[in-house]
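Inspection log for the structure reproduced underneath, given as structure tokens.
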Amino acid sequence: MLIAWLNANPNPNFGGTELHTLQMIKELSKRKVPLVLLCAEGSYVDRNAPKGIEKFYLTIGNSLALYNTLKLYQLLKHIKPYVLVANNGKEYPNALLAGKLASVRVAFFRHMERMKNPLVRRFVFPYVDMFFAVSDHVRQKLIQEGVKPDKVRVIYNPVDEERFYYKPKEENSIRILFVGKLDEGKGIFDLLEAFRLLMTERKDVTLVYVGDGKHKESLFQRIHSLGLTQKVKLVGYTHNVEDYYRNAHVVVIPSKYTEAFPRVALEALACGCTLVASDVGGTKEAIIEGKNGFVFRAGDIEDLLLKLKLAIENWKSFSQASLELYRNKFSTDRVIDNFLGALQSLSKVI
């Protein structure tokens, strides 16, 4: 069952699809699943692909890359894969056309809630053999867009378990962690205000923000004006984010606008963190209410404060529940098993 994995965006830096591609092919390679990588030469995916992976180079920077669509078709005729897997929305039209011309099954990962381009929804989606949605929330959105339910499987994002793993947490202080873009829509100021209120009752808590964004300076100024510089730390971007997860007791995802399923939630579970998340998007799928965390109403600071207090009070038992949930539902082994099982079901296609 040879898989041709397409991620031909020439992006020299990483994004969600690049990280997903690399982790998936790494885990598939461990199981010795036959796989070739179709990527742009010099891209982040090319530079960081596991050693030993056979690569073919082409670039698809947009949906109108007709010359490279022809090149992709020629590669598929030469490689003769069981399935072509595309991981980036910009590649969908090219991948579908080349795959169908080459009589190859075509499967798309869907990381976002909605495909903005109506032409892709109208003329591409109906002809895809299978979609892999990164959450049940995304699955429901695809079905609402007209994709047949039996063509959509939920395959959660894999976590790099060599980096993200549990270690016992300090018991004399409580660390609250935010990981993500420092943008207002991510709820960073709501979290800060809830933390300020929490500080009136508890002195054993600290808050760490990991990430960069357009509101980083505004957040810094707000922290300073509240006199919280000794209790709130802005780390910025770091290559060692796993260290902060392992030391954190509670991870907060306070997004005010909908999320498909943030990788942060899975990394937090793998490190045994209690989760507190807003009620938008697919993040709720990582929480069993009152067992490993709590969901609060997006934008409601009082509700966030209440759920933070409860999470802190129960962090020890919640930490173990997060680990159990991760192992039973989101572990890398479970993700790869479900992915390969879904591919097997494509045998009747073509």
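Labels used: A, B, ... for chains in the order of the structure tokens, numbers from 1 for residues in each chain, and numbers from 1 for ligands as shown.
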Check which residues of range 47-76 of chain A sit at most 8 Å from range 102-120 of chain A using only C-alpha atoms, and return one row each with the closest pair of atoms and their distance in Å to one decimal, ordered by chain and rising number, as a Markdown table.
```
| residue | atom | partner | partner_atom | distance |
| --- | --- | --- | --- | --- |
| A:Tyr73 | CA | A:Ala102 | CA | 6.0 |
| A:Gln74 | CA | A:Ala102 | CA | 7.9 |
| A:Leu76 | CA | A:Ala102 | CA | 6.3 |
```
May I have the residues within 9 Å of range 191-193 of chain A as a ChimeraX atom specification, using only C-alpha atoms and disregarding those fewer than 6 positions away in the same chain?
/A:178,207,219,222-223,232,252-254,301,304-305
Which residue, A:Tyr245, A:Asn328, A:Arg196, A:Tyr44, has the smallest gap to Ser225 in chain A when you use only C-alpha atoms?
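Looking only at the distances to Ser225 in chain A, the closest residue turns out to be A:Arg196.
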Counting only C-alpha atoms, what is within 7 Å of range 16-26 of chain A, bar same-chain residues fewer than 5 positions away, as a VMD selection string?
chain A and resid 45 49 to 50 87 to 88 157 to 158 160
So that I have them on file, write out the residues from the current selection with N, CA and C atoms, as a tab-separated table (two decimals), in the first residue's frame.
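Once everything was written out, this is out-v8.tsv:
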```tsv
chain	number	residue	atom	x	y	z
A	45	VAL	N	9.43	21.29	4.80
A	45	VAL	CA	9.17	19.85	4.77
A	45	VAL	C	10.35	19.10	4.18
A	49	ALA	N	12.42	16.43	6.58
A	49	ALA	CA	11.85	15.09	6.38
A	49	ALA	C	12.79	14.03	6.96
A	50	PRO	N	12.24	12.95	7.51
A	50	PRO	CA	13.08	11.88	8.06
A	50	PRO	C	14.03	11.32	7.00
A	87	ASN	N	-2.41	17.59	1.92
A	87	ASN	CA	-2.48	18.09	3.28
A	87	ASN	C	-2.66	19.60	3.36
A	88	ASN	N	-2.81	20.25	2.21
A	88	ASN	CA	-2.89	21.71	2.18
A	88	ASN	C	-4.01	22.12	1.23
A	157	ASN	N	-4.68	14.99	15.06
A	157	ASN	CA	-3.27	15.30	14.81
A	157	ASN	C	-2.38	14.42	15.69
A	158	PRO	N	-1.29	13.89	15.14
A	158	PRO	CA	-0.36	13.12	15.97
A	158	PRO	C	0.55	14.05	16.76
A	160	ASP	N	4.24	14.48	18.79
A	160	ASP	CA	5.60	13.95	18.87
A	160	ASP	C	5.85	13.51	20.31
```
Which residue is closest to Thr274 in chain A? Choose from A:Leu37, A:Leu84, A:Ile53, A:Ala311 and count only C-alpha atoms.
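Residue with the minimum atom-to-atom distance to Thr274 in chain A: A:Ala311.
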Please measure the separation of CA of Phe261 in chain A and CA of Ser135 in chain A, giving the value in Å to one decimal.
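For CA of Phe261 in chain A relative to CA of Ser135 in chain A, the distance reads 6.1 Å.
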DSSP strand (DSSP E or B) residues within range 107-283 of chain A, listed as number ranges by chain:
A: 107-110, 130-133, 152-154, 174-179, 205-210, 232-236, 250-253, 274-278
Atoms kept (N, CA, C and O atoms) for selection, written as a short mmCIF file (atom, residue, chain, number, x, y, z; two decimals), in the first residue's frame:
```cif
data_model
loop_
_atom_site.label_atom_id
_atom_site.label_comp_id
_atom_site.auth_asym_id
_atom_site.auth_seq_id
_atom_site.Cartn_x
_atom_site.Cartn_y
_atom_site.Cartn_z
N ALA A 107 -7.14 11.36 -1.21
CA ALA A 107 -7.65 11.63 0.14
C ALA A 107 -7.06 12.94 0.64
O ALA A 107 -5.88 13.21 0.44
N PHE A 108 -7.89 13.75 1.27
CA PHE A 108 -7.46 15.06 1.75
C PHE A 108 -7.57 15.14 3.27
O PHE A 108 -8.59 14.75 3.84
N PHE A 109 -6.53 15.67 3.90
CA PHE A 109 -6.65 16.08 5.29
C PHE A 109 -7.29 17.46 5.32
O PHE A 109 -6.97 18.33 4.52
N ARG A 110 -8.20 17.64 6.26
CA ARG A 110 -8.86 18.93 6.42
C ARG A 110 -8.57 19.45 7.82
O ARG A 110 -9.02 18.89 8.82
N MET A 130 -11.86 10.38 -0.03
CA MET A 130 -11.99 10.40 1.43
C MET A 130 -11.40 11.67 2.01
O MET A 130 -10.38 12.17 1.52
N PHE A 131 -12.06 12.18 3.05
CA PHE A 131 -11.52 13.29 3.83
C PHE A 131 -11.12 12.78 5.21
O PHE A 131 -11.82 11.97 5.82
N PHE A 132 -9.99 13.29 5.69
CA PHE A 132 -9.57 13.04 7.06
C PHE A 132 -9.72 14.35 7.84
O PHE A 132 -8.96 15.29 7.63
N ALA A 133 -10.72 14.41 8.71
CA ALA A 133 -10.97 15.62 9.51
C ALA A 133 -10.19 15.53 10.81
O ALA A 133 -10.15 14.46 11.44
N VAL A 152 -15.99 10.80 5.31
CA VAL A 152 -15.22 11.60 6.25
C VAL A 152 -14.86 10.77 7.48
O VAL A 152 -15.74 10.22 8.14
N ARG A 153 -13.57 10.68 7.77
CA ARG A 153 -13.08 10.00 8.96
C ARG A 153 -12.36 11.00 9.85
O ARG A 153 -11.66 11.89 9.34
N VAL A 154 -12.52 10.85 11.15
CA VAL A 154 -11.81 11.72 12.08
C VAL A 154 -10.45 11.10 12.38
O VAL A 154 -10.36 9.98 12.90
N ILE A 174 1.44 26.56 41.57
CA ILE A 174 0.60 26.22 40.42
C ILE A 174 1.02 27.06 39.22
O ILE A 174 1.03 28.30 39.30
N ARG A 175 1.33 26.40 38.13
CA ARG A 175 1.72 27.09 36.90
C ARG A 175 0.59 26.98 35.88
O ARG A 175 0.17 25.88 35.53
N ILE A 176 0.15 28.12 35.41
CA ILE A 176 -0.88 28.20 34.37
C ILE A 176 -0.19 28.58 33.07
O ILE A 176 0.67 29.47 33.05
N LEU A 177 -0.54 27.91 31.97
CA LEU A 177 0.18 28.09 30.72
C LEU A 177 -0.76 28.41 29.56
O LEU A 177 -1.83 27.78 29.42
N PHE A 178 -0.36 29.37 28.75
CA PHE A 178 -0.99 29.65 27.45
C PHE A 178 0.05 29.44 26.38
O PHE A 178 1.17 29.95 26.48
N VAL A 179 -0.31 28.71 25.30
CA VAL A 179 0.58 28.52 24.16
C VAL A 179 -0.19 28.90 22.90
O VAL A 179 -1.27 28.35 22.64
N VAL A 205 0.15 31.04 42.48
CA VAL A 205 -0.05 30.80 41.04
C VAL A 205 0.84 31.73 40.21
O VAL A 205 1.13 32.86 40.60
N THR A 206 1.27 31.22 39.08
CA THR A 206 1.98 32.02 38.08
C THR A 206 1.38 31.71 36.72
O THR A 206 0.76 30.66 36.51
N LEU A 207 1.56 32.65 35.79
CA LEU A 207 1.02 32.51 34.44
C LEU A 207 2.14 32.72 33.43
O LEU A 207 2.91 33.68 33.55
N VAL A 208 2.21 31.82 32.45
CA VAL A 208 3.23 31.92 31.41
C VAL A 208 2.55 31.94 30.04
O VAL A 208 1.69 31.10 29.77
N TYR A 209 2.93 32.91 29.22
CA TYR A 209 2.50 32.97 27.83
C TYR A 209 3.67 32.54 26.94
O TYR A 209 4.74 33.15 26.99
N VAL A 210 3.46 31.52 26.12
CA VAL A 210 4.47 31.10 25.15
C VAL A 210 3.93 31.38 23.75
O VAL A 210 2.87 30.88 23.38
N VAL A 232 3.59 37.07 35.96
CA VAL A 232 3.23 36.72 34.58
C VAL A 232 4.48 36.85 33.71
O VAL A 232 5.13 37.90 33.71
N LYS A 233 4.77 35.81 32.97
CA LYS A 233 5.98 35.79 32.14
C LYS A 233 5.62 35.66 30.67
O LYS A 233 4.80 34.81 30.29
N LEU A 234 6.24 36.49 29.83
CA LEU A 234 6.09 36.39 28.37
C LEU A 234 7.37 35.74 27.83
O LEU A 234 8.43 36.36 27.84
N VAL A 235 7.24 34.53 27.35
CA VAL A 235 8.41 33.79 26.88
C VAL A 235 8.73 34.10 25.43
O VAL A 235 9.88 34.09 25.01
N GLY A 236 7.70 34.41 24.62
CA GLY A 236 7.90 34.54 23.19
C GLY A 236 7.94 33.17 22.54
O GLY A 236 7.56 32.16 23.13
N VAL A 250 -1.99 23.64 34.66
CA VAL A 250 -3.22 23.95 33.93
C VAL A 250 -2.85 24.66 32.62
O VAL A 250 -2.09 25.64 32.64
N VAL A 251 -3.37 24.16 31.51
CA VAL A 251 -3.21 24.82 30.21
C VAL A 251 -4.56 25.41 29.84
O VAL A 251 -5.58 24.73 29.88
N VAL A 252 -4.53 26.69 29.47
CA VAL A 252 -5.77 27.41 29.14
C VAL A 252 -5.78 27.74 27.65
O VAL A 252 -4.80 28.26 27.11
N ILE A 253 -6.90 27.43 27.00
CA ILE A 253 -7.12 27.78 25.59
C ILE A 253 -8.36 28.66 25.55
O ILE A 253 -9.49 28.18 25.39
N THR A 274 -4.02 19.64 33.13
CA THR A 274 -5.44 19.94 33.21
C THR A 274 -5.76 20.97 32.13
O THR A 274 -4.98 21.88 31.88
N LEU A 275 -6.92 20.83 31.49
CA LEU A 275 -7.30 21.74 30.41
C LEU A 275 -8.49 22.61 30.83
O LEU A 275 -9.45 22.12 31.42
N VAL A 276 -8.39 23.90 30.50
CA VAL A 276 -9.52 24.82 30.60
C VAL A 276 -9.62 25.50 29.24
O VAL A 276 -8.67 26.14 28.78
N ALA A 277 -10.75 25.33 28.56
CA ALA A 277 -10.89 25.84 27.20
C ALA A 277 -12.25 26.47 26.98
O ALA A 277 -13.23 26.08 27.62
N SER A 278 -12.29 27.42 26.07
CA SER A 278 -13.56 28.05 25.72
C SER A 278 -14.41 27.08 24.90
O SER A 278 -13.91 26.08 24.37
#
```
Mind pulling up the distance from CA of Leu228 in chain A to CA of Arg246 in chain A?
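Result for CA of Arg246 in chain A versus CA of Leu228 in chain A: 23.3 Å, one decimal.
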Distance of CA of Gln230 in chain A from CA of Glu313 in chain A, expressed in Å to one decimal place
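The value is 22.7 Å.
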Within 9 Å of Arg327 in chain A using only C-alpha atoms, minus same-chain residues under 6 positions, as a CSV table (one decimal) with C-alpha atoms, in the first residue's frame:
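In the end it all went to result-v2.csv:
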```
chain,number,residue,atom,x,y,z
A,270,ALA,CA,0.2,14.2,26.5
A,333,ASP,CA,-0.5,4.7,17.9
A,334,ARG,CA,-4.2,5.2,17.9
```
Excluding same-chain residues fewer than 3 positions from Ala286 in chain A, what lies within 8 Å of it counting only C-alpha atoms, as a list in words?
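Contacts, with the query itself left out: Ala265, Leu266, Leu269, Thr283 and Leu325 of chain A.
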Step one, run DSSP on the backbone; step two, keep only residues of range 20-130 of chain A assigned to helix (DSSP H, G or I); then write them as a PDB file with N, CA and C atoms, in the first residue's frame.
```
ATOM      1  N   HIS A  20       2.297  18.708  10.609  1.00  0.00           N
ATOM      2  CA  HIS A  20       1.469  17.511  10.510  1.00  0.00           C
ATOM      3  C   HIS A  20       2.078  16.515   9.527  1.00  0.00           C
ATOM      4  N   THR A  21       2.483  17.005   8.361  1.00  0.00           N
ATOM      5  CA  THR A  21       3.107  16.129   7.372  1.00  0.00           C
ATOM      6  C   THR A  21       4.320  15.423   7.946  1.00  0.00           C
ATOM      7  N   LEU A  22       5.201  16.176   8.574  1.00  0.00           N
ATOM      8  CA  LEU A  22       6.443  15.602   9.078  1.00  0.00           C
ATOM      9  C   LEU A  22       6.189  14.567  10.167  1.00  0.00           C
ATOM     10  N   GLN A  23       5.249  14.852  11.065  1.00  0.00           N
ATOM     11  CA  GLN A  23       4.980  13.893  12.134  1.00  0.00           C
ATOM     12  C   GLN A  23       4.309  12.634  11.593  1.00  0.00           C
ATOM     13  N   MET A  24       3.390  12.799  10.649  1.00  0.00           N
ATOM     14  CA  MET A  24       2.725  11.632  10.064  1.00  0.00           C
ATOM     15  C   MET A  24       3.708  10.736   9.318  1.00  0.00           C
ATOM     16  N   ILE A  25       4.546  11.318   8.481  1.00  0.00           N
ATOM     17  CA  ILE A  25       5.464  10.464   7.713  1.00  0.00           C
ATOM     18  C   ILE A  25       6.531   9.852   8.628  1.00  0.00           C
ATOM     19  N   LYS A  26       6.874  10.552   9.706  1.00  0.00           N
ATOM     20  CA  LYS A  26       7.803   9.986  10.686  1.00  0.00           C
ATOM     21  C   LYS A  26       7.201   8.739  11.321  1.00  0.00           C
ATOM     22  N   GLU A  27       5.944   8.834  11.749  1.00  0.00           N
ATOM     23  CA  GLU A  27       5.302   7.698  12.408  1.00  0.00           C
ATOM     24  C   GLU A  27       5.030   6.562  11.423  1.00  0.00           C
ATOM     25  N   LEU A  28       4.644   6.888  10.207  1.00  0.00           N
ATOM     26  CA  LEU A  28       4.421   5.855   9.198  1.00  0.00           C
ATOM     27  C   LEU A  28       5.722   5.144   8.848  1.00  0.00           C
ATOM     28  N   SER A  29       6.807   5.909   8.799  1.00  0.00           N
ATOM     29  CA  SER A  29       8.111   5.315   8.503  1.00  0.00           C
ATOM     30  C   SER A  29       8.530   4.329   9.593  1.00  0.00           C
ATOM     31  N   LYS A  30       8.207   4.650  10.850  1.00  0.00           N
ATOM     32  CA  LYS A  30       8.532   3.746  11.955  1.00  0.00           C
ATOM     33  C   LYS A  30       7.871   2.386  11.749  1.00  0.00           C
ATOM     34  N   TYR A  44      10.473  23.782   4.125  1.00  0.00           N
ATOM     35  CA  TYR A  44      10.617  23.287   5.497  1.00  0.00           C
ATOM     36  C   TYR A  44      10.413  21.780   5.548  1.00  0.00           C
ATOM     37  N   VAL A  45       9.431  21.290   4.801  1.00  0.00           N
ATOM     38  CA  VAL A  45       9.173  19.853   4.771  1.00  0.00           C
ATOM     39  C   VAL A  45      10.355  19.102   4.177  1.00  0.00           C
ATOM     40  N   ASP A  46      10.901  19.614   3.092  1.00  0.00           N
ATOM     41  CA  ASP A  46      12.055  18.977   2.459  1.00  0.00           C
ATOM     42  C   ASP A  46      13.240  18.913   3.434  1.00  0.00           C
ATOM     43  N   ARG A  47      13.528  20.017   4.081  1.00  0.00           N
ATOM     44  CA  ARG A  47      14.712  20.099   4.944  1.00  0.00           C
ATOM     45  C   ARG A  47      14.584  19.249   6.203  1.00  0.00           C
ATOM     46  N   ASN A  48      13.355  18.991   6.642  1.00  0.00           N
ATOM     47  CA  ASN A  48      13.167  18.307   7.917  1.00  0.00           C
ATOM     48  C   ASN A  48      12.559  16.916   7.798  1.00  0.00           C
ATOM     49  N   LEU A  66      -0.765  24.932 -13.035  1.00  0.00           N
ATOM     50  CA  LEU A  66      -1.136  23.933 -14.041  1.00  0.00           C
ATOM     51  C   LEU A  66       0.052  23.106 -14.512  1.00  0.00           C
ATOM     52  N   TYR A  67       1.204  23.762 -14.682  1.00  0.00           N
ATOM     53  CA  TYR A  67       2.371  23.019 -15.143  1.00  0.00           C
ATOM     54  C   TYR A  67       2.747  21.938 -14.138  1.00  0.00           C
ATOM     55  N   ASN A  68       2.747  22.286 -12.859  1.00  0.00           N
ATOM     56  CA  ASN A  68       3.120  21.305 -11.841  1.00  0.00           C
ATOM     57  C   ASN A  68       2.007  20.305 -11.561  1.00  0.00           C
ATOM     58  N   THR A  69       0.776  20.651 -11.922  1.00  0.00           N
ATOM     59  CA  THR A  69      -0.287  19.651 -11.868  1.00  0.00           C
ATOM     60  C   THR A  69      -0.002  18.556 -12.901  1.00  0.00           C
ATOM     61  N   LEU A  70       0.445  18.964 -14.073  1.00  0.00           N
ATOM     62  CA  LEU A  70       0.845  17.990 -15.092  1.00  0.00           C
ATOM     63  C   LEU A  70       2.028  17.164 -14.598  1.00  0.00           C
ATOM     64  N   LYS A  71       2.987  17.821 -13.959  1.00  0.00           N
ATOM     65  CA  LYS A  71       4.137  17.101 -13.413  1.00  0.00           C
ATOM     66  C   LYS A  71       3.698  16.108 -12.334  1.00  0.00           C
ATOM     67  N   LEU A  72       2.737  16.523 -11.502  1.00  0.00           N
ATOM     68  CA  LEU A  72       2.213  15.628 -10.476  1.00  0.00           C
ATOM     69  C   LEU A  72       1.548  14.418 -11.125  1.00  0.00           C
ATOM     70  N   TYR A  73       0.779  14.642 -12.167  1.00  0.00           N
ATOM     71  CA  TYR A  73       0.143  13.539 -12.899  1.00  0.00           C
ATOM     72  C   TYR A  73       1.194  12.561 -13.426  1.00  0.00           C
ATOM     73  N   GLN A  74       2.255  13.094 -13.993  1.00  0.00           N
ATOM     74  CA  GLN A  74       3.314  12.241 -14.535  1.00  0.00           C
ATOM     75  C   GLN A  74       4.012  11.450 -13.429  1.00  0.00           C
ATOM     76  N   LEU A  75       4.223  12.096 -12.272  1.00  0.00           N
ATOM     77  CA  LEU A  75       4.823  11.398 -11.145  1.00  0.00           C
ATOM     78  C   LEU A  75       3.935  10.256 -10.660  1.00  0.00           C
ATOM     79  N   LEU A  76       2.650  10.521 -10.585  1.00  0.00           N
ATOM     80  CA  LEU A  76       1.720   9.488 -10.123  1.00  0.00           C
ATOM     81  C   LEU A  76       1.673   8.314 -11.085  1.00  0.00           C
ATOM     82  N   LYS A  77       1.728   8.578 -12.370  1.00  0.00           N
ATOM     83  CA  LYS A  77       1.751   7.495 -13.362  1.00  0.00           C
ATOM     84  C   LYS A  77       3.025   6.661 -13.201  1.00  0.00           C
ATOM     85  N   HIS A  78       4.109   7.336 -12.830  1.00  0.00           N
ATOM     86  CA  HIS A  78       5.386   6.645 -12.653  1.00  0.00           C
ATOM     87  C   HIS A  78       5.428   5.873 -11.332  1.00  0.00           C
ATOM     88  N   ILE A  79       4.957   6.514 -10.260  1.00  0.00           N
ATOM     89  CA  ILE A  79       5.057   5.917  -8.924  1.00  0.00           C
ATOM     90  C   ILE A  79       4.018   4.824  -8.714  1.00  0.00           C
ATOM     91  N   GLY A  89      -4.899  22.985   1.709  1.00  0.00           N
ATOM     92  CA  GLY A  89      -6.059  23.373   0.905  1.00  0.00           C
ATOM     93  C   GLY A  89      -5.706  23.936  -0.457  1.00  0.00           C
ATOM     94  N   LYS A  90      -4.560  24.614  -0.566  1.00  0.00           N
ATOM     95  CA  LYS A  90      -4.154  25.180  -1.857  1.00  0.00           C
ATOM     96  C   LYS A  90      -3.850  24.101  -2.890  1.00  0.00           C
ATOM     97  N   GLU A  91      -3.577  22.891  -2.425  1.00  0.00           N
ATOM     98  CA  GLU A  91      -3.209  21.807  -3.330  1.00  0.00           C
ATOM     99  C   GLU A  91      -4.408  20.975  -3.777  1.00  0.00           C
ATOM    100  N   TYR A  92      -5.562  21.183  -3.178  1.00  0.00           N
ATOM    101  CA  TYR A  92      -6.697  20.305  -3.440  1.00  0.00           C
ATOM    102  C   TYR A  92      -7.059  20.174  -4.924  1.00  0.00           C
ATOM    103  N   PRO A  93      -7.280  21.288  -5.639  1.00  0.00           N
ATOM    104  CA  PRO A  93      -7.670  21.137  -7.050  1.00  0.00           C
ATOM    105  C   PRO A  93      -6.608  20.420  -7.877  1.00  0.00           C
ATOM    106  N   ASN A  94      -5.335  20.761  -7.644  1.00  0.00           N
ATOM    107  CA  ASN A  94      -4.248  20.145  -8.383  1.00  0.00           C
ATOM    108  C   ASN A  94      -4.173  18.646  -8.096  1.00  0.00           C
ATOM    109  N   ALA A  95      -4.298  18.301  -6.812  1.00  0.00           N
ATOM    110  CA  ALA A  95      -4.199  16.900  -6.410  1.00  0.00           C
ATOM    111  C   ALA A  95      -5.358  16.090  -6.965  1.00  0.00           C
ATOM    112  N   LEU A  96      -6.570  16.645  -6.911  1.00  0.00           N
ATOM    113  CA  LEU A  96      -7.723  15.911  -7.425  1.00  0.00           C
ATOM    114  C   LEU A  96      -7.600  15.672  -8.925  1.00  0.00           C
ATOM    115  N   LEU A  97      -7.249  16.706  -9.677  1.00  0.00           N
ATOM    116  CA  LEU A  97      -7.147  16.572 -11.127  1.00  0.00           C
ATOM    117  C   LEU A  97      -6.072  15.558 -11.507  1.00  0.00           C
ATOM    118  N   ALA A  98      -4.888  15.699 -10.923  1.00  0.00           N
ATOM    119  CA  ALA A  98      -3.796  14.783 -11.245  1.00  0.00           C
ATOM    120  C   ALA A  98      -4.132  13.357 -10.821  1.00  0.00           C
ATOM    121  N   GLY A  99      -4.730  13.214  -9.641  1.00  0.00           N
ATOM    122  CA  GLY A  99      -5.063  11.883  -9.155  1.00  0.00           C
ATOM    123  C   GLY A  99      -6.088  11.189 -10.013  1.00  0.00           C
ATOM    124  N   LYS A 100      -7.133  11.891 -10.390  1.00  0.00           N
ATOM    125  CA  LYS A 100      -8.179  11.270 -11.206  1.00  0.00           C
ATOM    126  C   LYS A 100      -7.659  10.915 -12.598  1.00  0.00           C
ATOM    127  N   LEU A 101      -6.829  11.800 -13.174  1.00  0.00           N
ATOM    128  CA  LEU A 101      -6.259  11.496 -14.492  1.00  0.00           C
ATOM    129  C   LEU A 101      -5.347  10.277 -14.435  1.00  0.00           C
ATOM    130  N   PRO A 118     -15.505  28.944  -2.729  1.00  0.00           N
ATOM    131  CA  PRO A 118     -16.724  28.201  -3.058  1.00  0.00           C
ATOM    132  C   PRO A 118     -16.558  27.297  -4.272  1.00  0.00           C
ATOM    133  N   LEU A 119     -15.643  27.639  -5.167  1.00  0.00           N
ATOM    134  CA  LEU A 119     -15.420  26.798  -6.347  1.00  0.00           C
ATOM    135  C   LEU A 119     -14.819  25.453  -5.955  1.00  0.00           C
ATOM    136  N   VAL A 120     -13.937  25.470  -4.967  1.00  0.00           N
ATOM    137  CA  VAL A 120     -13.359  24.213  -4.491  1.00  0.00           C
ATOM    138  C   VAL A 120     -14.432  23.368  -3.820  1.00  0.00           C
ATOM    139  N   ARG A 121     -15.273  24.007  -3.021  1.00  0.00           N
ATOM    140  CA  ARG A 121     -16.364  23.262  -2.380  1.00  0.00           C
ATOM    141  C   ARG A 121     -17.299  22.671  -3.426  1.00  0.00           C
ATOM    142  N   ARG A 122     -17.531  23.403  -4.494  1.00  0.00           N
ATOM    143  CA  ARG A 122     -18.510  22.961  -5.495  1.00  0.00           C
ATOM    144  C   ARG A 122     -17.940  21.943  -6.474  1.00  0.00           C
ATOM    145  N   PHE A 123     -16.703  22.149  -6.911  1.00  0.00           N
ATOM    146  CA  PHE A 123     -16.194  21.331  -8.006  1.00  0.00           C
ATOM    147  C   PHE A 123     -15.093  20.347  -7.604  1.00  0.00           C
ATOM    148  N   PHE A 125     -14.709  19.071  -3.826  1.00  0.00           N
ATOM    149  CA  PHE A 125     -15.115  18.242  -2.696  1.00  0.00           C
ATOM    150  C   PHE A 125     -15.939  17.012  -3.084  1.00  0.00           C
ATOM    151  N   PRO A 126     -16.915  17.121  -4.010  1.00  0.00           N
ATOM    152  CA  PRO A 126     -17.753  15.947  -4.312  1.00  0.00           C
ATOM    153  C   PRO A 126     -16.991  14.768  -4.906  1.00  0.00           C
ATOM    154  N   TYR A 127     -15.797  15.000  -5.429  1.00  0.00           N
ATOM    155  CA  TYR A 127     -15.084  13.950  -6.153  1.00  0.00           C
ATOM    156  C   TYR A 127     -13.900  13.375  -5.382  1.00  0.00           C
TER     157      TYR A 127
END
```
